[in-house]
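Read through the structure below, which is laid out as structure tokens, and then see the notes.
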Amino acid sequence: MSDKCDILVTGTGALAERLIFDLAITAEKPARVAVAGRNAARMTWLATAGNARAALFGHPVTVFARPVIWDSAETIAEVIDACQPDVIVHAATVQSPKDVRGKDTPWTQLLRQAGGFGATGLLQVLLSARIAQAMLLAGNSGALINACYPDIVNPVLAAKGLAVTCGLGNVEIIAALYAGALGLRRPGALRVLAHHHNLHLMRFPVAERGTAPRVWLEGEELDDVHNRFAAITLPTEPLDALAGATGVDMVLALAGHKNHVGHAPGPNGLPGGYPIVVEDRVLSLDLPDGLGADEAAAWNRAFGEHEGLILGDDGWVRYSAAARAAFAAHDSAIAEGFHIDDIEPASAAMLALRRKLEQ
């Protein structure tokens, strides 16, 4: 059978699993979903279970596995050329976010000293950039949804001149939690402007959550957002089950199955997360009246310092003071950050440091 698919999911982790499993029981129109990764047993299981779920719920979805070699944009392009997807959901990374919180090694200790997940931004960019470059090599003009730290990574991809449609999770998780708490079920009733940093701080007491997301209910901006939603406290474990679910409707819309009203991080390479719509497979901002795109982007961009990673107009991605100090104790060159044209060598240096610290 042909490898042609409608949706290509790259990665075999928990987020990819949730997305594939939910697509299998949600899509109303025929859809072929390919899952690409290196772990043959894991890919086989995701395809097998995905097809079983589609059968159980009577949905016209077919899932199959397609091995991929992550070593370069050229090797990834071979898979994209074979599958010719309309939508690619990239969910593979060389640094799992759950390891930063869950493992206690010299490497994870360093990352926590450097400010946490933001310090891994370079390693989130690595495969995301290869995917975007591979699409160019394969002549694929489909939508790219980058699920790897899109609030920060997507602006880096855009600065490199690489096309990225949006991310998933983060702002949409916040919007869904707020809508659920308010009993809202109509898409578009709630509009939220929020950054990954806002989601991270929802694991802490209200007094420690910093700047609140901006929230509009039926066009009116709400005040005292933290206290309104004080009952919502996130668990310490990863939010993959919810993050994967946030992508389902958007993926189907970008594949041409429907239109969509919701939220997305990193739309068209912007920093942070925004209300969006997808109409006729085209994604655009859906900001409330009175909020301009420049103002919304500036509000989100200000969180870069809190996340520990700042993209400058000169193409340099620099770390916050805390991150620079933590990395400088091990490698002064890494501490200086990286230029968007030097992602491959900069990643190699950081991965070498990780190997050294984990020996």
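In the structure tokens, chains take the letters A, B, ... in the order shown, each chain's residues start at 1, and ligands count up from 1 in the order shown.
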
Residues of segment 94-221 of chain A in alpha helix (DSSP H), written as a PyMOL selection string: chain A and resi 97-102+106-113+121-138+150-159+171-182+196-201

Could those selected residues go to a file with C-alpha atoms, as a short mmCIF file (atom, residue, chain, number, x, y, z; two decimals), in the first residue's frame?
data_model
loop_
_atom_site.label_atom_id
_atom_site.label_comp_id
_atom_site.auth_asym_id
_atom_site.auth_seq_id
_atom_site.Cartn_x
_atom_site.Cartn_y
_atom_site.Cartn_z
CA PRO A 97 10.57 17.90 29.15
CA LYS A 98 9.58 15.23 31.68
CA ASP A 99 13.25 14.36 32.19
CA VAL A 100 13.95 17.91 33.36
CA ARG A 101 11.45 17.53 36.19
CA GLY A 102 11.60 13.79 36.78
CA PRO A 106 24.08 16.39 37.06
CA TRP A 107 22.57 17.37 33.69
CA THR A 108 19.02 17.89 34.96
CA GLN A 109 20.39 19.67 38.02
CA LEU A 110 22.19 22.06 35.65
CA LEU A 111 19.00 22.66 33.68
CA ARG A 112 17.05 23.43 36.83
CA GLN A 113 19.78 25.85 37.95
CA GLY A 121 15.29 25.48 23.97
CA LEU A 122 18.22 24.77 21.66
CA LEU A 123 17.56 21.03 21.89
CA GLN A 124 13.88 21.62 21.12
CA VAL A 125 14.86 23.65 18.05
CA LEU A 126 17.18 20.98 16.62
CA LEU A 127 14.72 18.44 15.20
CA SER A 128 12.06 21.09 14.61
CA ALA A 129 14.42 22.96 12.29
CA ARG A 130 15.36 19.73 10.50
CA ILE A 131 11.68 18.95 9.92
CA ALA A 132 11.00 22.41 8.48
CA GLN A 133 14.09 22.18 6.26
CA ALA A 134 13.09 18.67 5.18
CA MET A 135 9.72 19.98 4.02
CA LEU A 136 11.54 22.44 1.76
CA LEU A 137 13.78 19.69 0.38
CA ALA A 138 10.76 17.48 -0.31
CA PRO A 150 6.41 26.26 20.11
CA ASP A 151 6.17 29.53 22.10
CA ILE A 152 9.96 29.87 21.79
CA VAL A 153 10.94 27.52 18.94
CA ASN A 154 8.49 28.77 16.30
CA PRO A 155 9.87 32.34 16.36
CA VAL A 156 13.37 30.88 15.88
CA LEU A 157 12.18 28.86 12.88
CA ALA A 158 10.50 31.94 11.41
CA ALA A 159 13.65 34.01 11.94
CA VAL A 171 -2.33 28.51 25.55
CA GLU A 172 -5.04 26.09 24.38
CA ILE A 173 -4.64 24.09 27.58
CA ILE A 174 -5.13 27.26 29.64
CA ALA A 175 -8.14 28.29 27.54
CA ALA A 176 -9.70 24.83 27.88
CA LEU A 177 -9.17 24.78 31.65
CA TYR A 178 -10.77 28.22 32.02
CA ALA A 179 -13.66 27.35 29.68
CA GLY A 180 -14.25 24.12 31.56
CA ALA A 181 -14.33 25.94 34.88
CA LEU A 182 -16.87 28.44 33.49
CA HIS A 196 4.01 28.76 28.04
CA HIS A 197 5.35 30.51 31.15
CA ASN A 198 1.79 31.15 32.35
CA LEU A 199 1.00 27.44 32.06
CA HIS A 200 4.17 26.46 33.94
CA LEU A 201 3.27 28.75 36.86
#

Near-Gly167 of chain A list (12 Å; only C-alpha atoms; drop same-chain fewer than 2 positions) as an NGL selection string: :A and (88-91 or 128 or 143-155 or 157 or 164-165 or 169-173 or 195-196 or 243-244 or 246-248 or 250-251 or 263-274 or 276 or 283)

With N, CA and C atoms kept, could you save the residues just selected as a compact mmCIF listing (two decimals), in the first residue's frame?
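Okay, again.txt is ready:
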# COMPACT_ATOMS: atom_id res chain seq x y z
N ILE A 88 1.83 18.04 8.97
CA ILE A 88 2.85 17.36 9.76
C ILE A 88 2.75 17.87 11.19
N VAL A 89 2.61 16.96 12.13
CA VAL A 89 2.64 17.31 13.55
C VAL A 89 3.96 16.79 14.11
N HIS A 90 4.84 17.71 14.45
CA HIS A 90 6.17 17.31 14.92
C HIS A 90 6.18 17.23 16.44
N ALA A 91 6.42 16.03 16.97
CA ALA A 91 6.37 15.81 18.42
C ALA A 91 7.56 15.01 18.91
N SER A 128 13.11 20.25 15.21
CA SER A 128 12.06 21.09 14.61
C SER A 128 12.59 21.79 13.37
N ALA A 143 0.92 22.05 6.08
CA ALA A 143 1.01 22.76 7.36
C ALA A 143 1.97 22.04 8.29
N LEU A 144 2.77 22.81 9.02
CA LEU A 144 3.67 22.24 10.02
C LEU A 144 3.22 22.71 11.40
N ILE A 145 2.82 21.75 12.22
CA ILE A 145 2.48 22.04 13.62
C ILE A 145 3.63 21.52 14.47
N ASN A 146 4.35 22.42 15.09
CA ASN A 146 5.49 22.04 15.93
C ASN A 146 5.05 21.99 17.38
N ALA A 147 5.08 20.79 17.95
CA ALA A 147 4.63 20.61 19.33
C ALA A 147 5.77 20.73 20.33
N CYS A 148 6.98 21.02 19.88
CA CYS A 148 8.15 21.09 20.75
C CYS A 148 8.44 22.53 21.14
N TYR A 149 7.94 22.95 22.28
CA TYR A 149 8.19 24.27 22.84
C TYR A 149 7.89 25.38 21.83
N PRO A 150 6.70 25.36 21.23
CA PRO A 150 6.41 26.26 20.11
C PRO A 150 6.44 27.74 20.45
N ASP A 151 6.16 28.12 21.71
CA ASP A 151 6.17 29.53 22.10
C ASP A 151 7.53 30.17 21.84
N ILE A 152 8.59 29.40 21.98
CA ILE A 152 9.96 29.87 21.79
C ILE A 152 10.54 29.39 20.47
N VAL A 153 10.32 28.12 20.12
CA VAL A 153 10.94 27.52 18.94
C VAL A 153 10.38 28.10 17.64
N ASN A 154 9.08 28.29 17.56
CA ASN A 154 8.49 28.77 16.30
C ASN A 154 9.03 30.13 15.87
N PRO A 155 9.23 31.09 16.79
CA PRO A 155 9.87 32.34 16.36
C PRO A 155 11.29 32.14 15.83
N LEU A 157 12.35 29.41 14.23
CA LEU A 157 12.18 28.86 12.88
C LEU A 157 11.82 29.98 11.89
N VAL A 164 6.40 27.71 9.50
CA VAL A 164 5.78 26.92 10.57
C VAL A 164 4.39 27.49 10.79
N THR A 165 3.40 26.64 10.83
CA THR A 165 2.01 27.10 10.92
C THR A 165 1.65 27.50 12.34
N GLY A 169 -1.13 22.84 22.30
CA GLY A 169 -1.01 22.85 23.75
C GLY A 169 -0.86 24.26 24.31
N ASN A 170 -0.25 24.35 25.49
CA ASN A 170 0.08 25.60 26.18
C ASN A 170 -1.12 26.55 26.28
N VAL A 171 -1.22 27.57 25.43
CA VAL A 171 -2.33 28.51 25.55
C VAL A 171 -3.68 27.81 25.40
N GLU A 172 -3.77 26.80 24.56
CA GLU A 172 -5.04 26.09 24.38
C GLU A 172 -5.38 25.27 25.62
N ILE A 173 -4.38 24.79 26.32
CA ILE A 173 -4.64 24.09 27.58
C ILE A 173 -5.24 25.07 28.59
N HIS A 195 1.23 32.70 27.47
CA HIS A 195 2.53 32.14 27.10
C HIS A 195 2.73 30.82 27.84
N HIS A 196 3.64 30.00 27.34
CA HIS A 196 4.01 28.76 28.04
C HIS A 196 4.35 29.05 29.50
N ALA A 243 -2.57 18.10 26.21
CA ALA A 243 -1.90 18.79 25.10
C ALA A 243 -2.21 18.12 23.77
N GLY A 244 -2.15 16.79 23.75
CA GLY A 244 -2.45 16.06 22.52
C GLY A 244 -3.87 16.31 22.06
N THR A 246 -5.63 18.95 22.52
CA THR A 246 -5.82 20.30 22.00
C THR A 246 -5.51 20.39 20.51
N GLY A 247 -4.74 19.45 19.99
CA GLY A 247 -4.35 19.52 18.59
C GLY A 247 -5.32 18.87 17.62
N VAL A 248 -6.23 18.06 18.12
CA VAL A 248 -7.06 17.24 17.24
C VAL A 248 -7.89 18.06 16.27
N MET A 250 -7.67 21.18 15.44
CA MET A 250 -6.85 22.04 14.57
C MET A 250 -6.19 21.23 13.45
N VAL A 251 -5.70 20.04 13.79
CA VAL A 251 -5.09 19.18 12.76
C VAL A 251 -6.11 18.84 11.68
N HIS A 263 -7.26 28.18 19.99
CA HIS A 263 -6.04 28.87 20.37
C HIS A 263 -4.84 28.05 19.91
N ALA A 264 -3.71 28.72 19.74
CA ALA A 264 -2.49 28.01 19.36
C ALA A 264 -1.27 28.82 19.76
N PRO A 265 -0.22 28.13 20.21
CA PRO A 265 1.05 28.82 20.45
C PRO A 265 1.85 28.94 19.16
N GLY A 266 2.62 30.00 19.07
CA GLY A 266 3.53 30.17 17.93
C GLY A 266 2.88 30.23 16.57
N PRO A 267 1.67 30.82 16.41
CA PRO A 267 1.05 30.84 15.08
C PRO A 267 1.88 31.68 14.10
N ASN A 268 2.19 31.11 12.97
CA ASN A 268 2.98 31.79 11.93
C ASN A 268 4.27 32.38 12.49
N GLY A 269 4.85 31.70 13.48
CA GLY A 269 6.14 32.09 14.02
C GLY A 269 6.11 33.16 15.09
N LEU A 270 4.94 33.54 15.59
CA LEU A 270 4.86 34.55 16.65
C LEU A 270 5.24 33.94 17.99
N PRO A 271 5.75 34.75 18.93
CA PRO A 271 6.07 34.23 20.27
C PRO A 271 4.81 34.07 21.11
N GLY A 272 4.76 33.06 21.96
CA GLY A 272 3.63 32.89 22.85
C GLY A 272 2.38 32.38 22.17
N GLY A 273 1.22 32.49 22.88
CA GLY A 273 -0.01 31.90 22.38
C GLY A 273 -1.14 32.88 22.21
N TYR A 274 -2.06 32.59 21.25
CA TYR A 274 -3.08 33.52 20.80
C TYR A 274 -4.38 32.80 20.45
N ILE A 276 -6.98 31.85 17.70
CA ILE A 276 -6.82 31.69 16.25
C ILE A 276 -8.08 31.09 15.64
N LEU A 283 -4.74 29.40 8.62
CA LEU A 283 -4.76 29.82 10.03
C LEU A 283 -4.49 31.32 10.13

Nearby residues (only C-alpha atoms) at most 9 Å from Glu307 of chain A, same-chain spacing under 2 positions excluded, as a list in words: Gly115, Gly116, Phe117, Gly118, Ala119, Ile152, His196, His197, Phe303, Gly304, Glu305, Leu309, Ile310, Tyr319 and Ser320 of chain A

Strand (DSSP E) residues, from DSSP on the backbone, in segment 105-155 of chain A, as a VMD selection string: chain A and resid 143 to 146

Would you write out those residues with N, CA and C atoms, as a PDB file, in the first residue's frame?
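Saved file out24.pdb follows:
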ATOM      1  N   ALA A 143       0.915  22.051   6.082  1.00  0.00           N
ATOM      2  CA  ALA A 143       1.007  22.759   7.355  1.00  0.00           C
ATOM      3  C   ALA A 143       1.972  22.039   8.287  1.00  0.00           C
ATOM      4  N   LEU A 144       2.773  22.809   9.017  1.00  0.00           N
ATOM      5  CA  LEU A 144       3.666  22.243  10.023  1.00  0.00           C
ATOM      6  C   LEU A 144       3.216  22.712  11.399  1.00  0.00           C
ATOM      7  N   ILE A 145       2.817  21.755  12.222  1.00  0.00           N
ATOM      8  CA  ILE A 145       2.476  22.036  13.620  1.00  0.00           C
ATOM      9  C   ILE A 145       3.635  21.521  14.465  1.00  0.00           C
ATOM     10  N   ASN A 146       4.355  22.421  15.089  1.00  0.00           N
ATOM     11  CA  ASN A 146       5.491  22.044  15.928  1.00  0.00           C
ATOM     12  C   ASN A 146       5.054  21.990  17.384  1.00  0.00           C
TER      13      ASN A 146
END

Trp216 of chain A environment, 10 Å, only C-alpha atoms, sequence neighbours closer than 6 positions dropped, as a VMD selection string: chain A and resid 188 to 193 222 to 223 287 to 289

Take the residues that were just selected and, keeping C-alpha atoms, output them as a PDB file, in the first residue's frame.
ATOM      1  CA  GLY A 188     -14.887  31.352  20.533  1.00  0.00           C
ATOM      2  CA  ALA A 189     -16.781  32.422  23.657  1.00  0.00           C
ATOM      3  CA  LEU A 190     -13.463  32.723  25.480  1.00  0.00           C
ATOM      4  CA  ARG A 191     -10.309  34.276  24.026  1.00  0.00           C
ATOM      5  CA  VAL A 192      -7.021  33.909  25.868  1.00  0.00           C
ATOM      6  CA  LEU A 193      -3.617  35.484  25.353  1.00  0.00           C
ATOM      7  CA  LEU A 222     -11.849  39.834  32.640  1.00  0.00           C
ATOM      8  CA  ASP A 223      -9.998  41.245  35.625  1.00  0.00           C
ATOM      9  CA  LEU A 287      -7.871  38.644  18.521  1.00  0.00           C
ATOM     10  CA  PRO A 288     -10.579  40.449  20.498  1.00  0.00           C
ATOM     11  CA  ASP A 289     -11.604  43.918  19.366  1.00  0.00           C
TER      12      ASP A 289
END

Using only C-alpha atoms: which of A:Ala333, A:Ala24, A:Leu168, A:Ile80 has the shortest distance to Val68 of chain A: A:Ile80

Interatomic distance, atom CA of Arg354 of chain A to atom CA of Thr75 of chain A (Å, one decimal): 24.6 Å
